[in-house]
file target_32.cif (mmCIF, C-alpha atoms)
data_start
#
loop_
_atom_site.label_atom_id
_atom_site.label_comp_id
_atom_site.auth_asym_id
_atom_site.auth_seq_id
_atom_site.Cartn_x
_atom_site.Cartn_y
_atom_site.Cartn_z
CA MET B 45 22.56 -0.43 -3.86
CA GLU B 46 24.27 2.94 -4.23
CA ILE B 47 24.58 5.49 -1.44
CA ASP B 48 21.97 7.75 -3.10
CA GLY B 49 19.50 4.86 -3.12
CA ILE B 50 20.14 4.16 0.55
CA LEU B 51 19.70 7.85 1.46
CA ASN B 52 16.49 8.06 -0.60
CA THR B 53 15.13 5.02 1.24
CA LEU B 54 16.12 6.46 4.62
CA THR B 55 14.48 9.81 3.90
CA SER B 56 11.13 8.51 2.64
CA ASN B 57 8.10 6.72 4.05
CA TYR B 58 8.14 8.48 7.43
CA ILE B 59 11.52 6.95 8.27
CA PRO B 60 13.01 10.29 9.44
CA GLU B 61 10.04 10.80 11.76
CA ALA B 62 10.39 7.24 13.09
CA VAL B 63 14.12 7.75 13.65
CA LEU B 64 13.41 11.00 15.52
CA ALA B 65 10.80 9.26 17.69
CA ILE B 66 13.06 6.27 18.42
CA GLY B 67 15.95 8.61 19.26
CA GLY B 68 13.66 10.44 21.70
CA LEU B 69 12.53 7.17 23.27
CA LEU B 70 16.15 6.06 23.63
CA ALA B 71 16.94 9.34 25.41
CA VAL B 72 14.01 8.84 27.81
CA VAL B 73 14.96 5.19 28.47
CA MET B 74 18.60 6.15 28.97
CA THR B 75 17.53 8.80 31.51
CA TYR B 76 15.44 6.24 33.39
CA LEU B 77 18.22 3.65 33.43
CA TYR B 78 20.79 6.28 34.47
CA LEU B 79 18.68 7.33 37.44
CA LYS B 80 17.96 3.70 38.36
CA ASP B 81 21.58 2.47 38.17
CA ASP B 82 24.20 4.21 36.03
CA GLU B 83 26.58 1.25 36.39
CA SER B 84 24.13 -1.35 35.08
CA THR B 85 24.64 -3.38 31.93
CA LYS B 86 21.25 -2.23 30.63
CA TYR B 87 22.29 1.41 30.90
CA ARG B 88 25.64 0.82 29.19
CA LEU B 89 24.01 -1.24 26.42
CA THR B 90 21.37 1.45 25.88
CA MET B 91 24.13 4.07 25.73
CA ILE B 92 26.01 2.09 23.06
CA ILE B 93 22.83 1.53 21.01
CA SER B 94 21.98 5.22 21.40
CA THR B 95 25.40 6.21 20.10
CA PHE B 96 24.98 4.21 16.90
CA PHE B 97 21.42 5.44 16.58
CA GLY B 98 22.68 9.02 17.05
CA ILE B 99 25.02 8.50 14.11
CA LEU B 100 22.05 7.29 12.03
CA MET B 101 20.09 10.36 13.17
CA ALA B 102 22.95 12.63 12.11
CA VAL B 103 23.10 11.02 8.66
CA ILE B 104 19.34 11.41 8.21
CA ALA B 105 19.42 14.96 9.60
CA PHE B 106 22.09 15.97 7.08
CA SER B 107 20.37 14.22 4.18
CA THR B 108 16.92 15.67 4.98
CA TYR B 109 18.15 19.16 5.77
CA GLY B 110 16.00 21.66 3.95
CA THR B 111 13.05 19.32 3.51
CA TRP B 112 11.85 19.77 7.10
CA ALA B 113 11.10 22.90 9.01
CA LEU B 114 14.24 24.45 10.50
CA PRO B 115 13.15 23.81 14.13
CA THR B 116 12.66 20.10 13.35
CA SER B 117 16.12 19.90 11.79
CA ILE B 118 17.65 21.66 14.80
CA ILE B 119 15.95 19.24 17.22
CA MET B 120 17.24 16.28 15.22
CA PHE B 121 20.79 17.67 15.08
CA VAL B 122 20.82 18.39 18.83
CA ALA B 123 19.41 14.96 19.65
CA ALA B 124 21.95 13.24 17.38
CA PHE B 125 24.83 15.18 18.95
CA THR B 126 23.57 14.38 22.45
CA LEU B 127 23.26 10.66 21.78
CA ILE B 128 26.65 10.46 20.04
CA ILE B 129 28.68 12.40 22.62
CA ARG B 130 27.43 10.65 25.78
CA PRO B 131 29.92 7.73 25.91
CA PHE B 132 32.84 9.90 24.79
CA LYS B 133 32.64 12.51 27.56
CA GLU B 134 35.78 11.26 29.30
CA ILE B 135 37.95 10.44 26.27
CA HIS B 136 40.64 12.99 25.44
CA PHE B 137 40.65 13.07 21.65
CA ALA B 138 43.04 16.04 21.59
CA VAL B 139 45.90 13.88 22.88
CA ILE B 140 45.17 11.06 20.46
CA ILE B 141 45.00 13.38 17.44
CA ALA B 142 48.10 15.34 18.55
CA LEU B 143 50.12 12.12 18.88
CA LEU B 144 48.93 11.06 15.44
CA ILE B 145 49.97 14.41 13.95
CA MET B 146 53.36 14.20 15.68
CA GLY B 147 53.94 10.78 14.11
CA VAL B 148 52.86 11.96 10.67
CA ALA B 149 55.03 15.10 10.92
CA TYR B 150 58.03 13.01 12.01
CA LEU B 151 57.56 10.66 9.05
CA LEU B 152 57.03 13.48 6.54
CA LEU B 153 60.13 15.35 7.75
CA GLY B 154 62.17 12.25 6.94
CA GLY B 155 61.33 12.86 3.28
CA LEU B 156 63.25 16.14 3.24
CA GLU B 157 66.61 14.44 2.83
CA GLY B 158 68.47 15.68 -0.22
CA THR B 159 66.68 19.04 -0.29
CA ASN B 160 67.61 22.50 0.98
CA LEU B 161 65.68 21.65 4.16
CA ALA B 162 67.62 18.44 4.84
CA PHE B 163 68.68 19.72 8.30
CA MET B 164 65.01 19.33 9.35
CA SER B 165 65.00 15.62 8.47
CA GLU B 166 67.40 14.47 11.18
CA GLY B 167 68.19 14.69 14.86
CA LEU B 168 66.67 17.15 17.27
CA TRP B 169 65.29 19.38 14.51
CA ARG B 170 63.06 16.56 13.29
CA ILE B 171 61.87 15.68 16.79
CA GLY B 172 61.40 19.33 17.77
CA ILE B 173 59.35 20.20 14.70
CA ALA B 174 57.19 17.08 15.12
CA VAL B 175 56.57 17.96 18.79
CA PHE B 176 55.80 21.58 17.84
CA CYS B 177 53.25 20.43 15.23
CA GLY B 178 51.68 18.11 17.79
CA ALA B 179 51.55 20.91 20.38
CA ILE B 180 49.80 23.29 17.98
CA VAL B 181 47.24 20.65 17.00
CA TYR B 182 46.78 19.67 20.66
CA SER B 183 46.06 23.28 21.63
CA LEU B 184 43.46 23.71 18.91
CA MET B 185 41.89 20.30 19.45
CA HIS B 186 41.83 20.75 23.22
CA MET B 187 39.90 24.00 22.81
CA LEU B 188 37.40 22.34 20.44
CA GLU B 189 37.18 19.30 22.70
CA SER B 190 36.42 21.52 25.69
CA ILE B 191 33.67 23.34 23.82
CA VAL B 192 32.09 20.06 22.70
CA LYS B 193 32.34 18.62 26.23
CA VAL B 194 30.64 21.66 27.76
CA PHE B 195 27.69 21.32 25.39
CA GLY B 196 27.75 17.54 25.84
CA LYS B 197 27.61 17.80 29.62
CA ILE B 198 24.79 20.33 29.51
CA LEU B 199 22.70 18.33 27.04
CA ASN B 200 23.42 15.03 28.80
CA ALA B 201 22.31 16.22 32.23
CA TRP B 202 19.45 13.86 32.98
CA PRO B 203 16.64 16.47 33.19
CA ILE B 204 17.67 18.01 29.87
CA LEU B 205 18.15 14.60 28.24
CA PHE B 206 14.67 13.57 29.39
CA VAL B 207 13.06 16.77 28.10
CA LEU B 208 14.96 16.45 24.81
CA GLY B 209 13.67 12.89 24.43
CA VAL B 210 10.08 13.98 25.02
CA ILE B 211 10.50 16.87 22.56
CA CYS B 212 11.87 14.46 19.92
CA VAL B 213 8.88 12.14 20.29
CA ALA B 214 6.41 15.05 20.20
CA GLU B 215 8.18 16.57 17.19
CA ALA B 216 8.04 13.23 15.35
CA VAL B 217 4.31 12.85 16.06
CA LEU B 218 3.52 16.42 15.01
CA THR B 219 5.60 16.14 11.84
CA THR B 220 3.99 12.82 10.92
CA LEU B 221 0.52 14.31 11.39
CA ASP B 222 1.51 17.34 9.24
CA TYR B 223 1.17 19.85 12.07
CA GLY B 224 4.69 21.10 11.47
CA SER B 225 7.15 21.69 14.26
CA ILE B 226 6.50 22.18 17.98
CA TYR B 227 7.82 25.69 17.49
CA ASN B 228 5.17 26.40 14.84
CA LEU B 229 2.43 24.98 17.05
CA LEU B 230 3.53 27.07 20.04
CA ARG B 231 3.86 30.16 17.87
CA THR B 232 0.36 29.70 16.48
CA HIS B 233 -1.38 29.06 19.80
CA PHE B 234 0.64 31.21 22.18
CA ASP B 235 1.77 34.09 19.94
CA ILE B 236 5.46 33.39 20.54
#

call {"tool": "encode", "arguments": {"input": "target_32.cif", "output": "structure tokens"}}
result
Amino acid sequence: MEIDGILNTLTSNYIPEAVLAIGGLLAVVMTYLYLKDDESTKYRLTMIISTFFGILMAVIAFSTYGTWALPTSIIMFVAAFTLIIRPFKEIHFAVIIALLIMGVAYLLLGGLEGTNLAFMSEGLWRIGIAVFCGAIVYSLMHMLESIVKVFGKILNAWPILFVLGVICVAEAVLTTLDYGSIYNLLRTHFDI
């Protein structure tokens, strides 16, 4: 089956709504297990399942973008991000990516032998340039990592995670019943 066929299957027959509801339920269960015992195996297993489910939510959110109301798409994107980022809050990706870039730069500089820039392919020049490239990438990635972590910590605070889970379930129910988004319902009844 081709990727288009898989995406068509995932975006039909109320599957996006079901995925949104299950993602919301996972957020609620994860909140409960976190408050009960954040070191338990059940909590860690739920967090791992939620991460993979968040990736599935992100794929469906991207593939259904434009077919749903904008508020529904935003809720799905936020829920997917929240479920994906939770286990990675303490991992420093900036260091890993910077080290990778340093290695790649060091290897690529070795290919400059026999050119006008051959001095950059040996000795301290090669090491210095590789470290400089890694430092630049680290600075940029560290800034992005910090921004993502701030949003991740805010969205993964247990009261917000619980409310987000409830909103996801409510949004899925309303969308399935053709009432539109929660935002539309609130706007209609409360003149927001």

call {"tool": "residues_near_point", "arguments": {"input": "target_32.cif", "point": "(20.1, 11.9, 27.2)", "cutoff": "9 Å", "atoms": "all atoms listed in the file", "output": "PDB file with C-alpha atoms, keeping the file's coordinate frame"}}
result
ATOM      1  CA  GLY B  68      13.660  10.440  21.700  1.00  0.00           C
ATOM      2  CA  LEU B  70      16.150   6.060  23.630  1.00  0.00           C
ATOM      3  CA  ALA B  71      16.940   9.340  25.410  1.00  0.00           C
ATOM      4  CA  VAL B  72      14.010   8.840  27.810  1.00  0.00           C
ATOM      5  CA  VAL B  73      14.960   5.190  28.470  1.00  0.00           C
ATOM      6  CA  MET B  74      18.600   6.150  28.970  1.00  0.00           C
ATOM      7  CA  THR B  75      17.530   8.800  31.510  1.00  0.00           C
ATOM      8  CA  MET B  91      24.130   4.070  25.730  1.00  0.00           C
ATOM      9  CA  ALA B 123      19.410  14.960  19.650  1.00  0.00           C
ATOM     10  CA  THR B 126      23.570  14.380  22.450  1.00  0.00           C
ATOM     11  CA  LEU B 127      23.260  10.660  21.780  1.00  0.00           C
ATOM     12  CA  ARG B 130      27.430  10.650  25.780  1.00  0.00           C
ATOM     13  CA  LEU B 199      22.700  18.330  27.040  1.00  0.00           C
ATOM     14  CA  ASN B 200      23.420  15.030  28.800  1.00  0.00           C
ATOM     15  CA  ALA B 201      22.310  16.220  32.230  1.00  0.00           C
ATOM     16  CA  TRP B 202      19.450  13.860  32.980  1.00  0.00           C
ATOM     17  CA  PRO B 203      16.640  16.470  33.190  1.00  0.00           C
ATOM     18  CA  ILE B 204      17.670  18.010  29.870  1.00  0.00           C
ATOM     19  CA  LEU B 205      18.150  14.600  28.240  1.00  0.00           C
ATOM     20  CA  PHE B 206      14.670  13.570  29.390  1.00  0.00           C
ATOM     21  CA  VAL B 207      13.060  16.770  28.100  1.00  0.00           C
ATOM     22  CA  LEU B 208      14.960  16.450  24.810  1.00  0.00           C
ATOM     23  CA  GLY B 209      13.670  12.890  24.430  1.00  0.00           C
TER      24      GLY B 209
END

call {"tool": "resolve_selection", "arguments": {"input": "target_32.cif", "expression": "the PyMOL selection byres ((chain B and resi 122) around 10)", "output": "ChimeraX atom specification"}}
result
/B:98,101-102,105,116-121,123-128,195-196,199,208,212

call {"tool": "closest_atom_pairs", "arguments": {"input": "target_32.cif", "of": "range 134-159 of chain B", "to": "range 167-185 of chain B", "cutoff": "7 Å", "atoms": "all atoms listed in the file", "output": "JSON lines"}}
result
{"residue": "B:Ala138", "atom": "CA", "partner": "B:Met185", "partner_atom": "CA", "distance": 4.9}
{"residue": "B:Val139", "atom": "CA", "partner": "B:Tyr182", "partner_atom": "CA", "distance": 6.3}
{"residue": "B:Ala142", "atom": "CA", "partner": "B:Gly178", "partner_atom": "CA", "distance": 4.6}
{"residue": "B:Leu143", "atom": "CA", "partner": "B:Gly178", "partner_atom": "CA", "distance": 6.3}
{"residue": "B:Ile145", "atom": "CA", "partner": "B:Gly178", "partner_atom": "CA", "distance": 5.6}
{"residue": "B:Met146", "atom": "CA", "partner": "B:Gly178", "partner_atom": "CA", "distance": 4.8}
{"residue": "B:Ala149", "atom": "CA", "partner": "B:Ala174", "partner_atom": "CA", "distance": 5.1}
{"residue": "B:Tyr150", "atom": "CA", "partner": "B:Ala174", "partner_atom": "CA", "distance": 5.2}
{"residue": "B:Leu153", "atom": "CA", "partner": "B:Arg170", "partner_atom": "CA", "distance": 6.4}

call {"tool": "resolve_selection", "arguments": {"input": "target_32.cif", "expression": "the PyMOL selection byres ((chain B and resi 112) around 12)", "output": "PyMOL selection string"}}
result
chain B and resi 55+58+60-61+104-111+113-120+215-216+218-220+222-225

call {"tool": "closest_residue", "arguments": {"input": "target_32.cif", "among": "B:Ile140, B:Thr95, B:Phe163, B:Ile226", "to": "Ala214 in chain B", "atoms": "only C-alpha atoms"}}
result
B:Ile226

call {"tool": "axis_aligned_box", "arguments": {"input": "target_32.cif", "around": "range 86-90 of chain B", "padding_each_side": "4 Å", "output": "AutoDock Vina command-line options"}}
result
--center_x 23.4 --center_y -0.4 --center_z 28.4 --size_x 12.4 --size_y 11.7 --size_z 13.0

call {"tool": "closest_residue", "arguments": {"input": "target_32.cif", "among": "B:Glu83, B:His136, B:Leu64, B:Glu166", "to": "Leu188 in chain B", "atoms": "all atoms listed in the file"}}
result
B:His136

call {"tool": "atom_distance", "arguments": {"input": "target_32.cif", "atom1": "CA of Ile59 in chain B", "atom2": "CA of Val210 in chain B"}}
result
18.2 Å
